[in-house]
file upload_17.txt (compact mmCIF, C-alpha atoms)
# COMPACT_ATOMS: atom_id res chain seq x y z
CA ASN A 281 77.61 142.34 163.62
CA ALA A 282 74.81 140.27 162.08
CA GLY A 283 72.45 142.99 160.77
CA VAL A 284 69.55 141.27 158.97
CA THR A 285 69.55 137.48 158.90
CA GLN A 286 67.32 135.43 156.63
CA THR A 287 66.71 131.71 156.75
CA PRO A 288 66.81 129.55 154.75
CA LYS A 289 69.14 130.72 151.98
CA PHE A 290 67.78 128.25 149.44
CA GLN A 291 64.55 126.26 149.27
CA VAL A 292 62.79 124.07 146.74
CA LEU A 293 59.08 123.49 147.22
CA LYS A 294 56.50 121.47 145.37
CA THR A 295 53.37 123.23 144.17
CA GLY A 296 50.87 123.39 147.00
CA GLN A 297 53.37 123.04 149.83
CA SER A 298 53.65 125.67 152.51
CA MET A 299 56.65 127.25 154.15
CA THR A 300 57.73 130.18 156.28
CA LEU A 301 60.68 132.42 155.52
CA GLN A 302 62.29 133.81 158.64
CA CYS A 303 63.90 137.21 159.11
CA ALA A 304 65.56 138.69 162.17
CA GLN A 305 67.35 141.99 162.74
CA ASP A 306 69.53 143.05 165.64
CA MET A 307 69.58 146.82 165.05
CA ASN A 308 66.48 147.68 167.10
CA HIS A 309 64.72 148.96 163.98
CA ASN A 310 61.02 149.64 164.02
CA SER A 311 60.23 148.98 160.34
CA MET A 312 60.69 145.70 158.51
CA TYR A 313 59.96 144.71 154.92
CA TRP A 314 59.61 141.72 152.63
CA TYR A 315 60.41 142.04 148.91
CA ARG A 316 60.55 139.64 146.03
CA GLN A 317 62.81 139.93 143.02
CA ASP A 318 62.15 137.96 139.87
CA PRO A 319 65.02 137.35 137.42
CA GLY A 320 66.12 140.56 135.70
CA MET A 321 63.54 142.64 137.53
CA GLY A 322 63.49 145.18 140.33
CA LEU A 323 62.35 144.59 143.90
CA ARG A 324 58.63 144.53 144.60
CA LEU A 325 57.26 145.13 148.08
CA ILE A 326 55.14 142.25 149.40
CA TYR A 327 54.34 143.33 152.96
CA TYR A 328 55.80 145.68 155.50
CA SER A 329 55.57 146.34 159.20
CA ALA A 330 55.98 149.90 160.40
CA SER A 331 56.32 148.83 164.01
CA GLU A 332 55.84 145.85 166.27
CA GLY A 333 52.21 144.72 166.11
CA THR A 334 51.37 146.26 162.74
CA THR A 335 51.55 144.91 159.20
CA ASP A 336 50.41 146.33 155.86
CA LYS A 337 50.15 145.18 152.29
CA GLY A 338 52.67 146.28 149.74
CA GLU A 339 52.54 146.06 145.95
CA VAL A 340 52.16 142.27 145.55
CA PRO A 341 50.65 140.73 148.72
CA ASN A 342 48.48 138.02 147.14
CA GLY A 343 49.49 134.50 148.13
CA TYR A 344 51.47 135.61 151.19
CA ASN A 345 50.91 136.22 154.88
CA VAL A 346 53.22 137.84 157.40
CA SER A 347 53.73 137.92 161.14
CA ARG A 348 55.64 140.52 163.12
CA LEU A 349 56.46 138.23 165.98
CA ASN A 350 58.31 140.85 168.00
CA LYS A 351 60.51 143.85 167.26
CA ARG A 352 63.32 141.64 165.95
CA GLU A 353 61.46 139.13 163.81
CA PHE A 354 59.26 139.36 160.71
CA SER A 355 58.23 136.17 158.95
CA LEU A 356 56.72 135.57 155.52
CA ARG A 357 54.47 132.58 154.92
CA LEU A 358 53.46 130.94 151.68
CA GLU A 359 50.35 128.86 152.44
CA SER A 360 50.12 127.06 149.11
CA ALA A 361 53.16 127.67 146.94
CA ALA A 362 52.76 128.23 143.20
CA PRO A 363 55.41 128.25 140.44
CA SER A 364 54.73 132.00 140.02
CA GLN A 365 56.22 132.49 143.48
CA THR A 366 59.61 131.29 142.32
CA SER A 367 61.79 134.27 143.15
CA VAL A 368 64.48 135.65 145.41
CA TYR A 369 63.02 137.04 148.62
CA PHE A 370 64.69 139.84 150.54
CA CYS A 371 63.97 141.02 154.03
CA ALA A 372 64.95 144.52 155.13
CA SER A 373 64.79 146.65 158.24
CA LYS A 374 64.89 150.41 158.65
CA GLY A 375 65.32 152.76 161.56
CA SER A 376 64.00 156.31 161.44
CA TRP A 377 61.56 156.99 158.66
CA GLY A 378 62.72 159.84 156.50
CA GLU A 379 66.45 159.63 156.92
CA GLY A 380 67.22 156.12 158.06
CA GLU A 381 68.82 153.74 155.65
CA ALA A 382 67.46 150.26 155.07
CA PHE A 383 69.56 147.17 155.66
CA PHE A 384 68.94 144.05 153.63
CA GLY A 385 69.45 140.38 154.22
CA GLN A 386 71.28 138.22 151.72
CA GLY A 387 68.07 136.80 150.32
CA THR A 388 66.27 133.47 150.10
CA ARG A 389 66.24 131.83 146.70
CA LEU A 390 62.94 129.95 146.41
CA THR A 391 62.04 127.59 143.60
CA VAL A 392 58.54 126.14 143.30
CA VAL A 393 58.27 123.14 141.01
CA ASP B 72 52.68 158.20 146.16
CA ALA B 73 55.72 159.95 144.75
CA LYS B 74 56.96 158.09 141.68
CA THR B 75 60.45 157.96 140.27
CA THR B 76 61.65 157.58 136.69
CA GLN B 77 65.12 156.33 135.81
CA PRO B 78 66.76 155.26 132.55
CA ASN B 79 66.84 151.51 132.16
CA SER B 80 70.58 151.33 131.50
CA MET B 81 73.71 153.40 131.19
CA GLU B 82 77.32 152.76 130.28
CA SER B 83 80.48 154.38 131.51
CA ASN B 84 84.18 153.96 130.98
CA GLU B 85 86.29 152.98 133.93
CA GLU B 86 87.76 155.87 135.94
CA GLU B 87 85.35 158.37 134.39
CA PRO B 88 82.57 160.15 136.28
CA VAL B 89 79.03 158.80 136.02
CA HIS B 90 75.85 160.82 136.41
CA LEU B 91 72.76 158.73 137.11
CA PRO B 92 69.53 160.75 136.81
CA CYS B 93 66.21 160.31 138.59
CA ASN B 94 63.01 162.23 137.95
CA HIS B 95 60.49 162.60 140.77
CA SER B 96 58.17 165.37 139.67
CA THR B 97 55.45 164.55 142.25
CA ILE B 98 57.79 164.77 145.24
CA SER B 99 56.36 166.48 148.31
CA GLY B 100 58.17 168.94 150.52
CA THR B 101 59.06 166.41 153.21
CA ASP B 102 60.10 163.50 150.99
CA TYR B 103 63.69 162.39 151.30
CA ILE B 104 65.50 161.07 148.23
CA HIS B 105 67.31 157.80 148.80
CA TRP B 106 69.69 155.90 146.53
CA TYR B 107 70.62 152.24 146.76
CA ARG B 108 72.57 149.92 144.55
CA GLN B 109 72.41 146.20 144.03
CA LEU B 110 75.53 144.34 143.03
CA PRO B 111 75.07 141.04 141.17
CA SER B 112 73.66 138.28 143.38
CA GLN B 113 73.48 140.50 146.44
CA GLY B 114 70.84 142.40 148.36
CA PRO B 115 70.56 146.16 147.86
CA GLU B 116 72.93 148.41 149.78
CA TYR B 117 72.48 152.02 150.81
CA VAL B 118 74.42 154.64 148.86
CA ILE B 119 73.26 158.10 149.91
CA HIS B 120 70.22 160.19 150.76
CA GLY B 121 69.25 163.87 150.87
CA LEU B 122 66.39 166.29 151.33
CA THR B 123 67.20 169.65 149.77
CA SER B 124 70.93 170.26 149.74
CA ASN B 125 73.56 168.39 147.79
CA VAL B 126 75.20 165.62 149.78
CA ASN B 127 78.56 163.89 149.65
CA ASN B 128 79.85 160.72 151.24
CA ARG B 129 82.67 158.30 150.61
CA MET B 130 80.72 156.42 147.96
CA ALA B 131 79.06 159.14 145.92
CA SER B 132 77.53 162.59 145.68
CA LEU B 133 73.87 163.47 145.38
CA ALA B 134 72.89 166.57 143.47
CA ILE B 135 69.29 167.70 144.04
CA ALA B 136 67.61 170.16 141.69
CA GLU B 137 66.44 173.41 143.18
CA ASP B 138 62.78 172.50 142.59
CA ARG B 139 63.51 168.95 143.92
CA LYS B 140 61.79 167.37 140.95
CA SER B 141 64.93 165.57 139.92
CA SER B 142 68.20 164.39 141.39
CA THR B 143 71.47 162.96 140.12
CA LEU B 144 73.71 160.38 141.73
CA ILE B 145 77.32 161.08 140.88
CA LEU B 146 80.05 158.46 141.00
CA HIS B 147 83.23 160.46 140.67
CA ARG B 148 85.45 157.72 139.23
CA ALA B 149 83.63 154.61 138.12
CA THR B 150 85.34 151.29 138.76
CA LEU B 151 84.40 147.83 137.54
CA ARG B 152 83.07 147.15 141.04
CA ASP B 153 80.48 149.90 140.56
CA ALA B 154 78.66 147.86 137.92
CA ALA B 155 75.25 147.39 139.53
CA VAL B 156 71.61 148.38 139.40
CA TYR B 157 71.05 151.78 140.99
CA TYR B 158 67.69 152.61 142.54
CA CYS B 159 66.26 156.00 143.40
CA ILE B 160 63.57 155.79 146.10
CA LEU B 161 61.23 158.27 147.70
CA PRO B 162 59.77 156.96 150.97
CA THR B 163 56.02 157.35 150.61
CA SER B 164 54.78 160.29 152.64
CA GLY B 165 52.36 159.37 155.39
CA THR B 166 53.12 155.65 155.27
CA TYR B 167 56.10 153.44 155.83
CA LYS B 168 56.06 151.99 152.33
CA TYR B 169 59.51 151.73 150.81
CA ILE B 170 59.07 151.04 147.12
CA PHE B 171 61.83 150.37 144.65
CA GLY B 172 61.37 151.19 140.98
CA THR B 173 63.08 149.36 138.15
CA GLY B 174 66.40 151.15 138.61
CA THR B 175 69.26 151.89 136.20
CA ARG B 176 71.63 149.11 135.25
CA LEU B 177 75.11 150.62 135.09
CA LYS B 178 77.69 148.91 132.95
CA VAL B 179 81.32 149.95 133.44
CA LEU B 180 83.67 149.34 130.54
CA ALA B 181 87.33 148.55 131.14
call {"tool": "encode", "arguments": {"input": "upload_17.txt", "output": "structure tokens"}}
result
Amino acid sequence: NAGVTQTPKFQVLKTGQSMTLQCAQDMNHNSMYWYRQDPGMGLRLIYYSASEGTTDKGEVPNGYNVSRLNKREFSLRLESAAPSQTSVYFCASKGSWGEGEAFFGQGTRLTVV
Amino acid sequence: DAKTTQPNSMESNEEEPVHLPCNHSTISGTDYIHWYRQLPSQGPEYVIHGLTSNVNNRMASLAIAEDRKSSTLILHRATLRDAAVYYCILPTSGTYKYIFGTGTRLKVLA
């Protein structure tokens, strides 16, 4: 009963380093999402994928790239990390559009020093 | 895109009902209204959703105004475990964007 699994749970990067956050879901959902949440703030949409093979920008896409590897997996890449990208990152997946609920992973806490 | 407006914070006493409002005056006829909550240090979790009629589930009730320009999430008896940030979301018509606003931080007083 895994749902949405994110790896890693914690990461510290130096400015300029790159890394990929992984997300996988086992619910056969079409849509997947990446959000970031800064301390005391709401969630902001970075990128989303409506279906396998498609990706679109959200509210704050600058500095990030994504890959929808297959229906299960949606990765988020930081090519050159900056301290402003210090945040908690959440991945989510969703089934049917209008009615389906979204399921969230437990988050990746990223610190860029 | 349909936008939502929620109060930044609300307080409630334990075991009393809580009414959390959301304004969405630009909602279109096919937009569902979704509610999520985020407990401290956790990812958001689904609470309830509706289209036109009021909805009930084991967690809460959703009251939707007749003109659909506002809705209210009702927690019938608040407990300390209900202290969280509550988000009202309208999936963007014509796209698959799923945008959270700033939400309402609910504080439950013992």
call {"tool": "closest_atom_pairs", "arguments": {"input": "upload_17.txt", "of": "chain A", "to": "chain B", "cutoff": "10 Å", "atoms": "only C-alpha atoms", "output": "tab-separated table"}}
result
residue	atom	partner	partner_atom	distance
A:Ser311	CA	B:Tyr167	CA	7.6
A:Met312	CA	B:Tyr167	CA	9.4
A:Tyr313	CA	B:Tyr169	CA	8.1
A:Tyr315	CA	B:Ile170	CA	9.3
A:Gln317	CA	B:Gly114	CA	10.0
A:Gly320	CA	B:Thr173	CA	9.6
A:Met321	CA	B:Thr173	CA	6.8
A:Gly322	CA	B:Thr173	CA	4.7
A:Leu323	CA	B:Phe171	CA	5.9
A:Arg324	CA	B:Phe171	CA	6.7
A:Leu325	CA	B:Ile170	CA	6.3
A:Ile326	CA	B:Ile170	CA	9.9
A:Tyr327	CA	B:Lys168	CA	8.9
A:Tyr328	CA	B:Lys168	CA	7.1
A:Ser329	CA	B:Tyr167	CA	7.9
A:Ala330	CA	B:Tyr167	CA	5.8
A:Ser331	CA	B:Tyr167	CA	9.4
A:Asp336	CA	B:Lys168	CA	8.7
A:Lys337	CA	B:Lys168	CA	9.0
A:Gly338	CA	B:Lys168	CA	7.1
A:Glu339	CA	B:Ile170	CA	8.3
A:Val368	CA	B:Gly114	CA	9.7
A:Tyr369	CA	B:Gly114	CA	9.5
A:Phe370	CA	B:Gly114	CA	7.0
A:Cys371	CA	B:Gly114	CA	9.0
A:Ala372	CA	B:Gly114	CA	9.2
A:Lys374	CA	B:Tyr169	CA	9.6
A:Trp377	CA	B:Tyr167	CA	7.1
A:Gly378	CA	B:Tyr103	CA	5.9
A:Glu379	CA	B:Tyr103	CA	6.8
A:Gly380	CA	B:His120	CA	8.9
A:Glu381	CA	B:Tyr117	CA	6.3
A:Ala382	CA	B:Tyr117	CA	6.8
A:Phe383	CA	B:Glu116	CA	6.9
A:Phe384	CA	B:Gly114	CA	5.8
A:Gly385	CA	B:Gly114	CA	6.4
A:Gln386	CA	B:Gly114	CA	5.4
A:Gly387	CA	B:Gly114	CA	6.5
call {"tool": "atom_distance", "arguments": {"input": "upload_17.txt", "atom1": "CA of Leu151 (chain B)", "atom2": "CA of Pro111 (chain B)"}}
result
12.1 Å
call {"tool": "atom_distance", "arguments": {"input": "upload_17.txt", "atom1": "CA of Pro363 (chain A)", "atom2": "CA of Lys289 (chain A)"}}
result
18.1 Å
call {"tool": "axis_aligned_box", "arguments": {"input": "upload_17.txt", "around": "region 98-107 of chain B", "padding_each_side": "8 Å", "output": "JSON"}}
result
{"center_x": 63.5, "center_y": 160.6, "center_z": 149.2, "size_x": 30.3, "size_y": 32.7, "size_z": 24.0}
call {"tool": "residues_around", "arguments": {"input": "upload_17.txt", "residues": "Phe290 (chain A)", "least_positions_apart": "2", "cutoff": "9 Å", "atoms": "only C-alpha atoms", "output": "list in words"}}
result
Thr287, Pro288, Val292, Gly387, Thr388, Arg389, Leu390 and Thr391 of chain A
call {"tool": "closest_residue", "arguments": {"input": "upload_17.txt", "among": "B:Thr75, B:Ser132, B:Ser99, B:Ser83", "to": "Thr150 (chain B)", "atoms": "only C-alpha atoms"}}
result
B:Ser83
call {"tool": "residues_around", "arguments": {"input": "upload_17.txt", "residues": "Glu85 (chain B)", "least_positions_apart": "2", "cutoff": "9 Å", "atoms": "all atoms listed in the file", "output": "PyMOL selection string"}}
result
chain B and resi 83+87-88+148-151+179-181
call {"tool": "closest_residue", "arguments": {"input": "upload_17.txt", "among": "B:Asp153, B:Cys159, B:Asn127, B:Asp138", "to": "Gly100 (chain B)", "atoms": "all atoms listed in the file"}}
result
B:Asp138
call {"tool": "atom_distance", "arguments": {"input": "upload_17.txt", "atom1": "CA of Leu146 (chain B)", "atom2": "CA of His90 (chain B)"}}
result
6.7 Å
call {"tool": "build_atoms", "arguments": {"input": "upload_17.txt", "residues": "region 316-335 of chain A", "atoms": "N, CA and C atoms", "output": "mmCIF file, keeping the file's coordinate frame"}}
result
data_model
loop_
_atom_site.group_PDB
_atom_site.id
_atom_site.type_symbol
_atom_site.label_atom_id
_atom_site.label_comp_id
_atom_site.auth_asym_id
_atom_site.auth_seq_id
_atom_site.Cartn_x
_atom_site.Cartn_y
_atom_site.Cartn_z
ATOM 1 N N ARG A 316 60.169 140.717 146.930
ATOM 2 C CA ARG A 316 60.550 139.640 146.030
ATOM 3 C C ARG A 316 61.207 140.244 144.796
ATOM 4 N N GLN A 317 62.121 139.469 144.215
ATOM 5 C CA GLN A 317 62.810 139.930 143.020
ATOM 6 C C GLN A 317 62.856 138.790 142.018
ATOM 7 N N ASP A 318 62.141 138.951 140.939
ATOM 8 C CA ASP A 318 62.150 137.960 139.870
ATOM 9 C C ASP A 318 63.353 138.215 138.973
ATOM 10 N N PRO A 319 63.804 137.205 138.238
ATOM 11 C CA PRO A 319 65.020 137.350 137.420
ATOM 12 C C PRO A 319 64.974 138.569 136.503
ATOM 13 N N GLY A 320 66.010 139.396 136.571
ATOM 14 C CA GLY A 320 66.120 140.560 135.700
ATOM 15 C C GLY A 320 65.196 141.703 136.040
ATOM 16 N N MET A 321 64.521 141.607 137.180
ATOM 17 C CA MET A 321 63.540 142.640 137.530
ATOM 18 C C MET A 321 63.967 143.376 138.793
ATOM 19 N N GLY A 322 63.234 144.448 139.099
ATOM 20 C CA GLY A 322 63.490 145.180 140.330
ATOM 21 C C GLY A 322 62.813 144.526 141.519
ATOM 22 N N LEU A 323 62.977 145.121 142.685
ATOM 23 C CA LEU A 323 62.350 144.590 143.900
ATOM 24 C C LEU A 323 60.905 145.070 143.990
ATOM 25 N N ARG A 324 60.028 144.169 144.383
ATOM 26 C CA ARG A 324 58.630 144.530 144.600
ATOM 27 C C ARG A 324 58.267 144.253 146.055
ATOM 28 N N LEU A 325 57.605 145.210 146.661
ATOM 29 C CA LEU A 325 57.260 145.130 148.080
ATOM 30 C C LEU A 325 56.060 144.208 148.271
ATOM 31 N N ILE A 326 56.217 143.202 149.144
ATOM 32 C CA ILE A 326 55.140 142.250 149.400
ATOM 33 C C ILE A 326 54.310 142.729 150.600
ATOM 34 N N TYR A 327 54.943 142.850 151.728
ATOM 35 C CA TYR A 327 54.340 143.330 152.960
ATOM 36 C C TYR A 327 55.385 144.131 153.726
ATOM 37 N N TYR A 328 54.895 144.979 154.612
ATOM 38 C CA TYR A 328 55.800 145.680 155.500
ATOM 39 C C TYR A 328 55.157 145.834 156.869
ATOM 40 N N SER A 329 56.017 146.142 157.830
ATOM 41 C CA SER A 329 55.570 146.340 159.200
ATOM 42 C C SER A 329 56.235 147.608 159.711
ATOM 43 N N ALA A 330 55.426 148.626 159.957
ATOM 44 C CA ALA A 330 55.980 149.900 160.400
ATOM 45 C C ALA A 330 56.492 149.826 161.829
ATOM 46 N N SER A 331 55.882 148.982 162.623
ATOM 47 C CA SER A 331 56.320 148.830 164.010
ATOM 48 C C SER A 331 55.783 147.502 164.523
ATOM 49 N N GLU A 332 56.282 147.100 165.661
ATOM 50 C CA GLU A 332 55.840 145.850 166.270
ATOM 51 C C GLU A 332 54.319 145.878 166.430
ATOM 52 N N GLY A 333 53.662 144.816 165.978
ATOM 53 C CA GLY A 333 52.210 144.720 166.110
ATOM 54 C C GLY A 333 51.425 145.213 164.927
ATOM 55 N N THR A 334 52.091 145.776 163.924
ATOM 56 C CA THR A 334 51.370 146.260 162.740
ATOM 57 C C THR A 334 51.966 145.658 161.483
ATOM 58 N N THR A 335 51.103 145.343 160.509
ATOM 59 C CA THR A 335 51.550 144.910 159.200
ATOM 60 C C THR A 335 50.637 145.515 158.141
#
